[in-house]
file query14.tsv (TSV, C-alpha atoms (C1' of nucleotides))
chain	number	residue	atom	x	y	z
A	14	MET	CA	100.99	63.07	-26.53
A	15	ASP	CA	102.41	62.08	-23.27
A	16	LEU	CA	104.87	64.53	-22.12
A	17	GLU	CA	104.07	63.24	-18.68
A	18	ALA	CA	106.89	60.78	-18.93
A	19	ARG	CA	109.59	62.40	-16.91
A	20	ALA	CA	108.16	60.79	-13.79
A	21	HIS	CA	110.12	58.44	-11.56
A	22	ALA	CA	112.13	58.79	-8.39
A	23	GLU	CA	111.63	59.94	-4.85
A	24	HIS	CA	108.89	62.52	-5.21
A	25	PRO	CA	106.79	61.14	-8.03
A	26	GLU	CA	103.73	63.13	-6.96
A	27	ALA	CA	105.45	66.48	-7.35
A	28	LEU	CA	106.92	65.50	-10.69
A	29	ARG	CA	103.64	64.16	-11.98
A	30	LEU	CA	101.90	67.34	-10.98
A	31	TRP	CA	104.48	69.50	-12.72
A	32	LEU	CA	104.28	67.49	-15.90
A	33	ARG	CA	100.52	67.66	-15.91
A	34	LEU	CA	100.65	71.40	-15.32
A	35	LEU	CA	103.00	71.72	-18.26
A	36	THR	CA	100.89	69.54	-20.53
A	37	CYS	CA	97.68	71.41	-19.75
A	38	THR	CA	99.29	74.78	-20.31
A	39	GLN	CA	100.90	73.69	-23.55
A	40	LEU	CA	97.69	72.23	-24.92
A	41	ILE	CA	95.71	75.37	-24.19
A	42	GLU	CA	98.44	77.78	-25.23
A	43	ARG	CA	98.94	76.01	-28.52
A	44	GLN	CA	95.27	76.28	-29.27
A	45	LEU	CA	95.17	79.96	-28.35
A	46	ARG	CA	98.18	80.74	-30.53
A	47	ALA	CA	96.65	78.96	-33.49
A	48	ALA	CA	93.30	80.66	-33.02
A	49	LEU	CA	94.80	84.14	-32.62
A	50	ARG	CA	96.80	83.53	-35.77
A	51	GLU	CA	93.86	82.21	-37.71
A	52	HIS	CA	91.18	84.68	-36.66
A	53	PHE	CA	93.15	87.84	-36.00
A	54	ASP	CA	96.50	87.29	-37.68
A	55	THR	CA	98.33	88.08	-34.47
A	56	THR	CA	100.47	86.41	-31.81
A	57	LEU	CA	100.22	85.83	-28.08
A	58	PRO	CA	102.97	88.29	-27.09
A	59	ARG	CA	101.30	91.02	-29.13
A	60	PHE	CA	97.96	90.20	-27.57
A	61	ASP	CA	99.54	90.29	-24.13
A	62	LEU	CA	101.12	93.65	-24.78
A	63	MET	CA	97.79	95.09	-25.84
A	64	ALA	CA	96.13	93.52	-22.81
A	65	GLN	CA	98.52	95.37	-20.54
A	66	LEU	CA	97.77	98.63	-22.26
A	67	GLU	CA	94.05	98.11	-22.18
A	68	ARG	CA	94.06	98.31	-18.41
A	69	VAL	CA	95.98	101.58	-18.36
A	70	PRO	CA	94.40	104.08	-20.74
A	71	GLU	CA	97.12	106.67	-20.19
A	72	GLY	CA	99.72	104.14	-21.31
A	73	LEU	CA	102.83	102.46	-19.95
A	74	ARG	CA	106.50	103.16	-20.49
A	75	MET	CA	108.66	100.62	-22.28
A	76	SER	CA	110.46	99.54	-19.12
A	77	GLU	CA	107.16	98.88	-17.37
A	78	LEU	CA	105.91	96.79	-20.29
A	79	SER	CA	109.15	94.87	-20.20
A	80	ARG	CA	108.71	94.12	-16.51
A	81	ARG	CA	105.06	93.14	-16.82
A	82	LEU	CA	105.53	90.91	-19.84
A	83	MET	CA	108.63	89.34	-18.34
A	84	VAL	CA	110.72	89.91	-21.46
A	85	THR	CA	113.75	92.05	-22.14
A	86	GLY	CA	113.59	95.58	-23.47
A	87	GLY	CA	114.68	94.84	-27.00
A	88	ASN	CA	111.72	92.56	-27.47
A	89	VAL	CA	109.28	95.17	-26.29
A	90	THR	CA	110.74	97.60	-28.80
A	91	GLY	CA	110.16	95.08	-31.58
A	92	LEU	CA	106.61	94.23	-30.58
A	93	THR	CA	105.74	97.89	-30.13
A	94	ASP	CA	107.21	98.76	-33.53
A	95	GLN	CA	104.95	96.18	-35.18
A	96	LEU	CA	101.84	97.41	-33.40
A	97	VAL	CA	102.66	101.04	-34.16
A	98	ALA	CA	103.10	100.17	-37.83
A	99	GLU	CA	99.60	98.70	-37.80
A	100	GLY	CA	98.15	101.70	-36.04
A	101	LEU	CA	97.09	99.74	-32.96
A	102	VAL	CA	99.30	101.50	-30.42
A	103	GLU	CA	101.17	104.80	-30.31
A	104	ARG	CA	104.26	106.15	-28.59
A	105	ILE	CA	103.80	109.46	-26.83
A	106	GLY	CA	106.64	111.55	-25.47
A	107	VAL	CA	106.72	112.28	-21.77
A	108	GLU	CA	107.48	115.84	-20.83
A	109	GLY	CA	110.25	116.27	-18.35
A	110	ASP	CA	112.26	113.25	-19.50
A	111	ARG	CA	112.90	112.98	-23.18
A	112	ARG	CA	114.24	109.43	-22.94
A	113	VAL	CA	110.87	108.04	-21.94
A	114	TRP	CA	107.79	107.04	-23.93
A	115	ARG	CA	104.27	106.33	-22.89
A	116	VAL	CA	102.85	103.60	-25.10
A	117	ARG	CA	99.08	103.38	-25.31
A	118	LEU	CA	96.33	101.85	-27.42
A	119	THR	CA	94.96	103.94	-30.24
A	120	GLU	CA	91.22	103.98	-30.79
A	121	ALA	CA	91.65	101.39	-33.51
A	122	GLY	CA	93.72	99.38	-31.07
A	123	GLN	CA	91.01	99.56	-28.45
A	124	ARG	CA	88.43	98.30	-30.91
A	125	ALA	CA	90.70	95.53	-32.20
A	126	PHE	CA	91.58	94.44	-28.69
A	127	ALA	CA	87.95	94.29	-27.61
A	128	ASP	CA	87.23	91.85	-30.42
A	129	MET	CA	90.23	89.70	-29.69
A	130	ALA	CA	89.66	89.68	-25.96
A	131	HIS	CA	86.11	88.52	-26.42
A	132	ALA	CA	87.09	85.61	-28.63
A	133	HIS	CA	90.06	84.79	-26.42
A	134	GLU	CA	87.81	84.59	-23.42
A	135	GLN	CA	85.46	82.20	-25.13
A	136	TRP	CA	88.31	79.91	-26.12
A	137	VAL	CA	89.54	79.87	-22.54
A	138	VAL	CA	86.09	79.24	-21.13
A	139	GLN	CA	85.70	76.33	-23.48
A	140	ALA	CA	89.04	74.85	-22.47
A	141	LEU	CA	88.11	75.03	-18.79
A	142	GLU	CA	84.47	74.06	-19.05
A	143	ALA	CA	85.12	70.62	-17.58
A	144	LEU	CA	85.49	72.24	-14.16
A	145	THR	CA	82.72	73.32	-11.82
A	146	PRO	CA	82.85	76.91	-10.51
A	147	ARG	CA	84.01	75.55	-7.21
A	148	GLU	CA	86.84	73.61	-8.84
A	149	VAL	CA	87.90	76.69	-10.76
A	150	ASP	CA	88.13	78.46	-7.46
A	151	THR	CA	90.14	75.72	-5.83
A	152	LEU	CA	92.58	75.55	-8.70
A	153	HIS	CA	93.02	79.29	-8.68
A	154	ARG	CA	93.69	79.31	-4.98
A	155	LEU	CA	96.18	76.44	-5.01
A	156	LEU	CA	98.05	77.82	-7.98
A	157	GLY	CA	98.17	81.11	-6.11
A	158	LYS	CA	100.20	79.41	-3.42
A	159	VAL	CA	102.55	78.00	-6.01
A	160	LYS	CA	102.93	81.34	-7.74
A	161	THR	CA	103.71	83.22	-4.58
A	162	HIS	CA	106.22	80.64	-3.47
A	163	VAL	CA	108.03	80.47	-6.78
A	164	GLN	CA	108.20	84.24	-7.04
A	165	THR	CA	109.70	84.34	-3.58
A	166	LEU	CA	112.25	81.71	-4.55
A	167	GLN	CA	113.17	83.68	-7.61
A	168	GLY	CA	113.32	86.91	-5.64
A	169	VAL	CA	110.77	88.66	-7.76
A	170	ALA	CA	109.10	90.63	-5.00
A	171	THR	CA	106.16	92.24	-6.73
A	172	PRO	CA	103.84	93.61	-4.10
A	173	GLU	CA	101.88	95.43	-6.75
A	174	ASP	CA	101.20	92.17	-8.49
A	175	ILE	CA	97.50	91.92	-9.06
A	176	ALA	CA	95.13	88.94	-9.22
B	29	MET	CA	105.63	90.30	-13.52
B	30	ASP	CA	101.94	90.34	-13.89
B	31	LEU	CA	100.90	88.55	-16.93
B	32	GLU	CA	97.61	88.08	-15.16
B	33	ALA	CA	96.28	91.21	-16.74
B	34	ARG	CA	94.13	89.90	-19.52
B	35	ALA	CA	91.20	89.55	-17.12
B	36	HIS	CA	87.88	91.31	-17.63
B	37	ALA	CA	84.54	90.38	-19.14
B	38	GLU	CA	81.85	87.82	-18.62
B	39	HIS	CA	83.77	84.88	-17.23
B	40	PRO	CA	86.49	86.50	-15.21
B	41	GLU	CA	87.02	83.40	-13.08
B	42	ALA	CA	87.92	81.21	-16.04
B	43	LEU	CA	90.21	83.85	-17.46
B	44	ARG	CA	91.90	84.49	-14.15
B	45	LEU	CA	92.51	80.80	-13.71
B	46	TRP	CA	94.01	80.45	-17.16
B	47	LEU	CA	96.32	83.39	-16.65
B	48	ARG	CA	97.46	82.07	-13.32
B	49	LEU	CA	98.05	78.65	-14.85
B	50	LEU	CA	100.14	80.29	-17.54
B	51	THR	CA	102.11	82.40	-15.09
B	52	CYS	CA	102.91	79.47	-12.82
B	53	THR	CA	104.02	77.30	-15.70
B	54	GLN	CA	106.15	80.02	-17.22
B	55	LEU	CA	107.85	80.83	-13.93
B	56	ILE	CA	108.74	77.21	-13.29
B	57	GLU	CA	109.65	76.40	-16.88
B	58	ARG	CA	111.92	79.40	-17.12
B	59	GLN	CA	113.74	78.33	-14.02
B	60	LEU	CA	114.11	74.74	-15.26
B	61	ARG	CA	115.45	75.89	-18.62
B	62	ALA	CA	117.98	78.15	-16.99
B	63	ALA	CA	119.08	75.46	-14.54
B	64	LEU	CA	119.39	72.76	-17.22
B	65	ARG	CA	121.45	75.17	-19.27
B	66	GLU	CA	123.66	76.19	-16.40
B	67	HIS	CA	124.28	72.81	-14.79
B	68	PHE	CA	124.10	70.44	-17.73
B	69	ASP	CA	124.44	72.62	-20.79
B	70	THR	CA	121.26	71.20	-22.25
B	71	THR	CA	117.70	72.22	-23.07
B	72	LEU	CA	114.22	71.13	-22.05
B	73	PRO	CA	113.32	69.48	-25.38
B	74	ARG	CA	116.52	67.45	-25.28
B	75	PHE	CA	115.83	66.48	-21.69
B	76	ASP	CA	112.29	65.49	-22.63
B	77	LEU	CA	113.49	63.35	-25.49
B	78	MET	CA	115.90	61.53	-23.22
B	79	ALA	CA	113.14	61.14	-20.61
B	80	GLN	CA	110.99	59.35	-23.16
B	81	LEU	CA	113.83	57.00	-24.03
B	82	GLU	CA	114.68	56.29	-20.44
B	83	ARG	CA	111.33	54.59	-19.95
B	84	VAL	CA	111.79	52.33	-22.97
B	85	PRO	CA	115.21	50.67	-22.89
B	86	GLU	CA	114.75	49.05	-26.27
B	87	GLY	CA	114.18	52.46	-27.81
B	88	LEU	CA	111.51	54.29	-29.76
B	89	ARG	CA	111.15	55.04	-33.43
B	90	MET	CA	111.30	58.62	-34.67
B	91	SER	CA	107.58	58.79	-35.37
B	92	GLU	CA	106.74	57.64	-31.87
B	93	LEU	CA	109.05	60.27	-30.35
B	94	SER	CA	107.39	62.86	-32.52
B	95	ARG	CA	103.95	61.87	-31.24
B	96	ARG	CA	104.98	61.73	-27.61
B	97	LEU	CA	106.84	65.01	-27.63
B	98	MET	CA	104.06	66.69	-29.60
B	99	VAL	CA	106.45	68.09	-32.18
B	100	THR	CA	106.86	67.45	-35.88
B	101	GLY	CA	109.25	64.93	-37.35
B	102	GLY	CA	111.87	67.34	-38.58
B	103	ASN	CA	112.41	68.59	-35.08
B	104	VAL	CA	112.94	65.12	-33.71
B	105	THR	CA	115.56	64.51	-36.38
B	106	GLY	CA	117.39	67.65	-35.30
B	107	LEU	CA	117.28	66.90	-31.59
B	108	THR	CA	118.31	63.31	-32.17
B	109	ASP	CA	121.21	64.39	-34.37
B	110	GLN	CA	122.53	66.59	-31.58
B	111	LEU	CA	122.24	63.87	-28.97
B	112	VAL	CA	123.86	61.32	-31.26
B	113	ALA	CA	126.75	63.71	-31.87
B	114	GLU	CA	127.28	63.90	-28.12
B	115	GLY	CA	127.10	60.15	-27.72
B	116	LEU	CA	124.01	60.24	-25.52
B	117	VAL	CA	121.64	58.36	-27.82
B	118	GLU	CA	122.06	56.05	-30.78
B	119	ARG	CA	120.05	55.11	-33.86
B	120	ILE	CA	119.68	51.40	-34.46
B	121	GLY	CA	118.30	49.91	-37.66
B	122	VAL	CA	115.20	47.76	-37.45
B	123	GLU	CA	115.34	44.54	-39.39
B	124	GLY	CA	112.43	43.99	-41.73
B	125	ASP	CA	111.91	47.67	-42.52
B	126	ARG	CA	114.93	49.64	-43.54
B	127	ARG	CA	113.12	52.97	-43.33
B	128	VAL	CA	112.75	52.73	-39.57
B	129	TRP	CA	115.11	53.50	-36.68
B	130	ARG	CA	114.98	52.64	-33.06
B	131	VAL	CA	116.49	55.44	-31.03
B	132	ARG	CA	117.74	54.59	-27.57
B	133	LEU	CA	119.94	55.92	-24.81
B	134	THR	CA	123.56	54.85	-24.84
B	135	GLU	CA	125.16	53.90	-21.55
B	136	ALA	CA	126.63	57.36	-21.34
B	137	GLY	CA	123.19	58.74	-22.04
B	138	GLN	CA	121.69	56.69	-19.24
B	139	ARG	CA	124.25	57.99	-16.80
B	140	ALA	CA	123.85	61.58	-17.95
B	141	PHE	CA	120.09	61.34	-17.78
B	142	ALA	CA	120.13	59.92	-14.27
B	143	ASP	CA	122.09	62.94	-13.08
B	144	MET	CA	119.86	65.41	-14.85
B	145	ALA	CA	116.65	63.73	-13.75
B	146	HIS	CA	117.72	63.81	-10.15
B	147	ALA	CA	118.50	67.52	-10.22
B	148	HIS	CA	115.39	68.23	-12.26
B	149	GLU	CA	113.25	66.50	-9.68
B	150	GLN	CA	114.72	68.52	-6.87
B	151	TRP	CA	114.06	71.77	-8.69
B	152	VAL	CA	110.46	70.75	-9.25
B	153	VAL	CA	109.98	69.63	-5.66
B	154	GLN	CA	111.29	72.98	-4.50
B	155	ALA	CA	108.95	74.89	-6.80
B	156	LEU	CA	105.95	72.97	-5.46
B	157	GLU	CA	106.92	72.76	-1.82
B	158	ALA	CA	104.32	75.34	-0.81
B	159	LEU	CA	101.64	72.69	-1.28
B	160	THR	CA	100.63	69.95	1.15
B	161	PRO	CA	100.54	66.39	-0.21
B	162	ARG	CA	96.78	66.62	-0.23
B	163	GLU	CA	96.85	69.82	-2.26
B	164	VAL	CA	99.27	68.26	-4.73
B	165	ASP	CA	96.76	65.49	-5.16
B	166	THR	CA	93.84	67.83	-5.64
B	167	LEU	CA	95.70	69.89	-8.21
B	168	HIS	CA	96.73	66.79	-10.09
B	169	ARG	CA	93.17	65.52	-10.18
B	170	LEU	CA	91.59	68.78	-11.28
B	171	LEU	CA	94.20	69.35	-13.96
B	172	GLY	CA	93.49	65.83	-15.11
B	173	LYS	CA	89.93	66.86	-15.86
B	174	VAL	CA	91.18	69.84	-17.82
B	175	LYS	CA	93.68	67.78	-19.74
B	176	THR	CA	91.17	65.13	-20.73
B	177	HIS	CA	88.62	67.70	-21.81
B	178	VAL	CA	91.06	69.75	-23.87
B	179	GLN	CA	92.42	66.64	-25.56
B	180	THR	CA	88.89	65.65	-26.43
B	181	LEU	CA	88.21	69.11	-27.84
B	182	GLN	CA	91.34	68.90	-29.93
B	183	GLY	CA	90.54	65.38	-31.02
B	184	VAL	CA	93.72	63.91	-29.72
B	185	ALA	CA	92.33	60.62	-28.49
B	186	THR	CA	95.24	59.03	-26.69
B	187	PRO	CA	93.96	56.07	-24.72
B	188	GLU	CA	97.49	54.91	-24.09
B	189	ASP	CA	98.29	58.17	-22.45
B	190	ILE	CA	99.84	57.47	-19.11
B	191	ALA	CA	99.74	59.37	-15.81
C	6	DT	C1'	128.09	108.22	-14.64
C	7	DA	C1'	123.56	106.12	-14.71
C	8	DT	C1'	119.30	105.30	-17.08
C	9	DT	C1'	115.93	104.70	-21.06
C	10	DG	C1'	115.25	102.84	-24.95
C	11	DT	C1'	117.13	100.99	-29.53
C	12	DT	C1'	119.87	98.24	-32.60
C	13	DA	C1'	122.33	94.22	-33.92
C	14	DT	C1'	122.84	89.63	-33.52
C	15	DA	C1'	122.28	84.88	-32.39
C	16	DC	C1'	120.15	80.79	-30.68
C	17	DT	C1'	116.27	77.69	-29.49
C	18	DC	C1'	112.06	75.89	-30.76
C	19	DT	C1'	108.71	74.98	-33.90
C	20	DA	C1'	106.12	74.32	-38.36
C	21	DT	C1'	105.59	73.46	-43.38
C	22	DA	C1'	106.82	71.44	-47.46
C	23	DA	C1'	109.77	69.22	-50.67
C	24	DC	C1'	112.66	65.32	-50.85
C	25	DT	C1'	114.89	60.32	-50.49
C	26	DA	C1'	114.56	55.68	-49.54
C	27	DT	C1'	112.17	52.18	-48.76
C	28	DA	C1'	107.68	49.43	-48.57
D	23	DT	C1'	101.20	54.84	-54.07
D	24	DA	C1'	102.02	55.19	-49.22
D	25	DT	C1'	105.09	55.55	-45.34
D	26	DA	C1'	109.46	56.72	-42.42
D	27	DG	C1'	112.51	59.76	-41.93
D	28	DT	C1'	115.41	63.81	-43.61
D	29	DT	C1'	116.50	68.29	-45.43
D	30	DA	C1'	115.64	73.07	-46.22
D	31	DT	C1'	113.64	76.98	-44.90
D	32	DA	C1'	111.08	80.36	-42.36
D	33	DG	C1'	109.28	82.62	-38.50
D	34	DA	C1'	108.22	83.07	-33.51
D	35	DG	C1'	110.18	84.14	-29.32
D	36	DT	C1'	113.76	85.16	-26.50
D	37	DA	C1'	118.39	86.75	-24.70
D	38	DT	C1'	122.81	89.37	-24.63
D	39	DA	C1'	125.51	93.16	-25.54
D	40	DA	C1'	126.90	97.38	-27.67
D	41	DC	C1'	125.03	101.80	-28.58
D	42	DA	C1'	122.70	106.71	-28.60
D	43	DA	C1'	120.37	110.11	-26.27
D	44	DT	C1'	119.28	112.12	-22.15
D	45	DA	C1'	119.47	112.72	-17.22
call {"tool": "encode", "arguments": {"input": "query14.tsv", "output": "structure tokens"}}
result
Amino acid sequence: MDLEARAHAEHPEALRLWLRLLTCTQLIERQLRAALREHFDTTLPRFDLMAQLERVPEGLRMSELSRRLMVTGGNVTGLTDQLVAEGLVERIGVEGDRRVWRVRLTEAGQRAFADMAHAHEQWVVQALEALTPREVDTLHRLLGKVKTHVQTLQGVATPEDIA
Amino acid sequence: MDLEARAHAEHPEALRLWLRLLTCTQLIERQLRAALREHFDTTLPRFDLMAQLERVPEGLRMSELSRRLMVTGGNVTGLTDQLVAEGLVERIGVEGDRRVWRVRLTEAGQRAFADMAHAHEQWVVQALEALTPREVDTLHRLLGKVKTHVQTLQGVATPEDIA
DNA sequence: TATTGTTATACTCTATAACTATA
DNA sequence: TATAGTTATAGAGTATAACAATA
């Protein structure tokens, strides 16, 4: 358990920070995946897709889901197909452009998501409970700088990006 | 590009922090994967395996690599096989126990890793260049608290964990 | 012609479990 | 019997590219 081994060289502080960032994220993500699997028989990408829909009751088109989840269109089709088969989301035609779908949570999907989101939140809170509220704030702010910079580097340009 | 959508509920600060942590890590990791692929035709797990070996010239046994990389044994066998086929690492028998191997970098592997590590470091430095040295320090320290706590929760208990 | 979404396919990464060979 | 490592297999998760329908 020490992924933090890639350190060496001229900027050891930056490298060490990156490796610690990666380790923390992996530890928490692994736990969340396992817990979602165990308690709700679902996966993180499916949870994320539902989380996007939960914020937009009227639904999102496939291309918008693809952009927000940062995955290609084919994957969104696959995830959506699964969730439709389970009755958690539905595709609704958009009048005026018959190529486009709005995807939205069904009522069952809303109920299921509420349960999952509640448990998910508790797992996250537990993982981060070593930090004081002030430290949570500081971390959030500093990571915000990193996020903005990296997005600029990668030319993502998402003014409508929230949080 | 806004994975940071799962927020809501009773502890929105913790959730927001987790989602930002995840977004930052994914953005950087994606870029590193793409760059390793493009410039060195390799992958992050292979790079990580070589990074572990670079610190231990005499080599590590398969089980130790498995522990350090946080993946199961079968995966280490597969990664090692690939790297052996390319002449970057070698398996050496251990006298006294014929079940055990020491895996270590070959000379070619050392040279290849030095190149990759140098480029890798520059990519990381660039991703984190929005932070002052002091902020890098703060982030590293706060994430250290998270890491320790999560490892305790998961019962990992790794006193020999470095960094 | 361009765009939206789907299909087909393949590759990386990972886990589990059965297996071989030593101890 | 227990341990070190391997093999076999399966399933996420993701990407690319060709495709159909519609604009």
call {"tool": "closest_residue", "arguments": {"input": "query14.tsv", "among": "B:Thr180, B:Thr100, B:Arg61, B:Val164", "to": "chain A", "atoms": "only C-alpha atoms"}}
result
B:Val164
call {"tool": "residues_around", "arguments": {"input": "query14.tsv", "residues": "range 26-31 of chain D", "least_positions_apart": "2", "cutoff": "8 Å", "atoms": "only C-alpha atoms (C1' of nucleotides)", "output": "count of residues only"}}
result
9
call {"tool": "atom_distance", "arguments": {"input": "query14.tsv", "atom1": "C1' of DG35 in chain D", "atom2": "C1' of DT17 in chain C"}}
result
8.9 Å
call {"tool": "closest_residue", "arguments": {"input": "query14.tsv", "among": "D:DA24, D:DA32, D:DA40, D:DA45", "to": "chain A", "atoms": "all atoms listed in the file"}}
result
D:DA45
call {"tool": "closest_residue", "arguments": {"input": "query14.tsv", "among": "B:Ile56, B:Val84, B:Trp129, B:Arg96", "to": "chain D", "atoms": "only C-alpha atoms (C1' of nucleotides)"}}
result
B:Trp129
call {"tool": "interface_residues", "arguments": {"input": "query14.tsv", "of": "chain A", "to": "chain D", "cutoff": "12 Å", "atoms": "only C-alpha atoms (C1' of nucleotides)", "output": "ChimeraX atom specification"}}
result
/A:46,50,55-59,83-89,91-92,109-113
call {"tool": "closest_atom_pairs", "arguments": {"input": "query14.tsv", "of": "range 158-183 of chain B", "to": "range 30-35 of chain A", "cutoff": "12 Å", "atoms": "only C-alpha atoms", "output": "tab-separated table"}}
result
residue	atom	partner	partner_atom	distance
B:Leu159	CA	A:Leu30	CA	11.1
B:Pro161	CA	A:Leu30	CA	10.9
B:Arg162	CA	A:Leu30	CA	11.9
B:Glu163	CA	A:Leu30	CA	10.4
B:Val164	CA	A:Leu30	CA	6.8
B:Asp165	CA	A:Leu30	CA	8.0
B:Thr166	CA	A:Leu30	CA	9.7
B:Leu167	CA	A:Leu30	CA	7.3
B:His168	CA	A:Leu30	CA	5.3
B:Arg169	CA	A:Leu30	CA	9.0
B:Leu170	CA	A:Arg33	CA	10.1
B:Leu171	CA	A:Arg33	CA	6.8
B:Gly172	CA	A:Arg33	CA	7.3
B:Lys173	CA	A:Arg33	CA	10.6
B:Val174	CA	A:Arg33	CA	9.8
B:Lys175	CA	A:Arg33	CA	7.8
B:Thr176	CA	A:Arg33	CA	10.8
call {"tool": "write_last_selection", "arguments": {"input": "query14.tsv", "atoms": "C-alpha atoms", "output": "mmCIF file, in the coordinates of the input"}}
result
data_model
loop_
_atom_site.group_PDB
_atom_site.id
_atom_site.type_symbol
_atom_site.label_atom_id
_atom_site.label_comp_id
_atom_site.auth_asym_id
_atom_site.auth_seq_id
_atom_site.Cartn_x
_atom_site.Cartn_y
_atom_site.Cartn_z
ATOM 1 C CA LEU B 159 101.640 72.690 -1.280
ATOM 2 C CA PRO B 161 100.540 66.390 -0.210
ATOM 3 C CA ARG B 162 96.780 66.620 -0.230
ATOM 4 C CA GLU B 163 96.850 69.820 -2.260
ATOM 5 C CA VAL B 164 99.270 68.260 -4.730
ATOM 6 C CA ASP B 165 96.760 65.490 -5.160
ATOM 7 C CA THR B 166 93.840 67.830 -5.640
ATOM 8 C CA LEU B 167 95.700 69.890 -8.210
ATOM 9 C CA HIS B 168 96.730 66.790 -10.090
ATOM 10 C CA ARG B 169 93.170 65.520 -10.180
ATOM 11 C CA LEU B 170 91.590 68.780 -11.280
ATOM 12 C CA LEU B 171 94.200 69.350 -13.960
ATOM 13 C CA GLY B 172 93.490 65.830 -15.110
ATOM 14 C CA LYS B 173 89.930 66.860 -15.860
ATOM 15 C CA VAL B 174 91.180 69.840 -17.820
ATOM 16 C CA LYS B 175 93.680 67.780 -19.740
ATOM 17 C CA THR B 176 91.170 65.130 -20.730
#
call {"tool": "atom_distance", "arguments": {"input": "query14.tsv", "atom1": "CA of Gln59 in chain B", "atom2": "CA of Ala79 in chain B"}}
result
18.4 Å
call {"tool": "atom_distance", "arguments": {"input": "query14.tsv", "atom1": "CA of Met144 in chain B", "atom2": "CA of Cys52 in chain B"}}
result
22.1 Å
call {"tool": "decode", "arguments": {"input": "query14.tsv", "residues": "chain D", "atoms": "C-alpha atoms (C1' of nucleotides)", "output": "CSV table (one decimal), in the first residue's frame"}}
result
chain,number,residue,atom,x,y,z
D,23,DT,C1',-1.3,-28.3,5.0
D,24,DA,C1',0.2,-23.7,3.9
D,25,DT,C1',2.4,-20.5,0.8
D,26,DA,C1',4.2,-18.2,-3.7
D,27,DG,C1',3.1,-17.6,-7.9
D,28,DT,C1',0.4,-18.7,-12.2
D,29,DT,C1',-3.5,-19.6,-15.2
D,30,DA,C1',-8.2,-19.0,-16.6
D,31,DT,C1',-12.0,-16.4,-16.7
D,32,DA,C1',-15.2,-12.6,-16.2
D,33,DG,C1',-16.7,-8.1,-15.8
D,34,DA,C1',-16.0,-3.0,-15.3
D,35,DG,C1',-14.8,0.9,-17.8
D,36,DT,C1',-13.3,3.1,-21.6
D,37,DA,C1',-12.1,4.4,-26.5
D,38,DT,C1',-12.4,4.3,-31.6
D,39,DA,C1',-14.8,3.8,-35.7
D,40,DA,C1',-18.4,2.6,-38.8
D,41,DC,C1',-23.2,3.2,-39.1
D,42,DA,C1',-28.4,4.8,-39.4
D,43,DA,C1',-31.6,8.3,-39.0
D,44,DT,C1',-32.5,12.9,-39.2
D,45,DA,C1',-31.5,17.7,-39.9
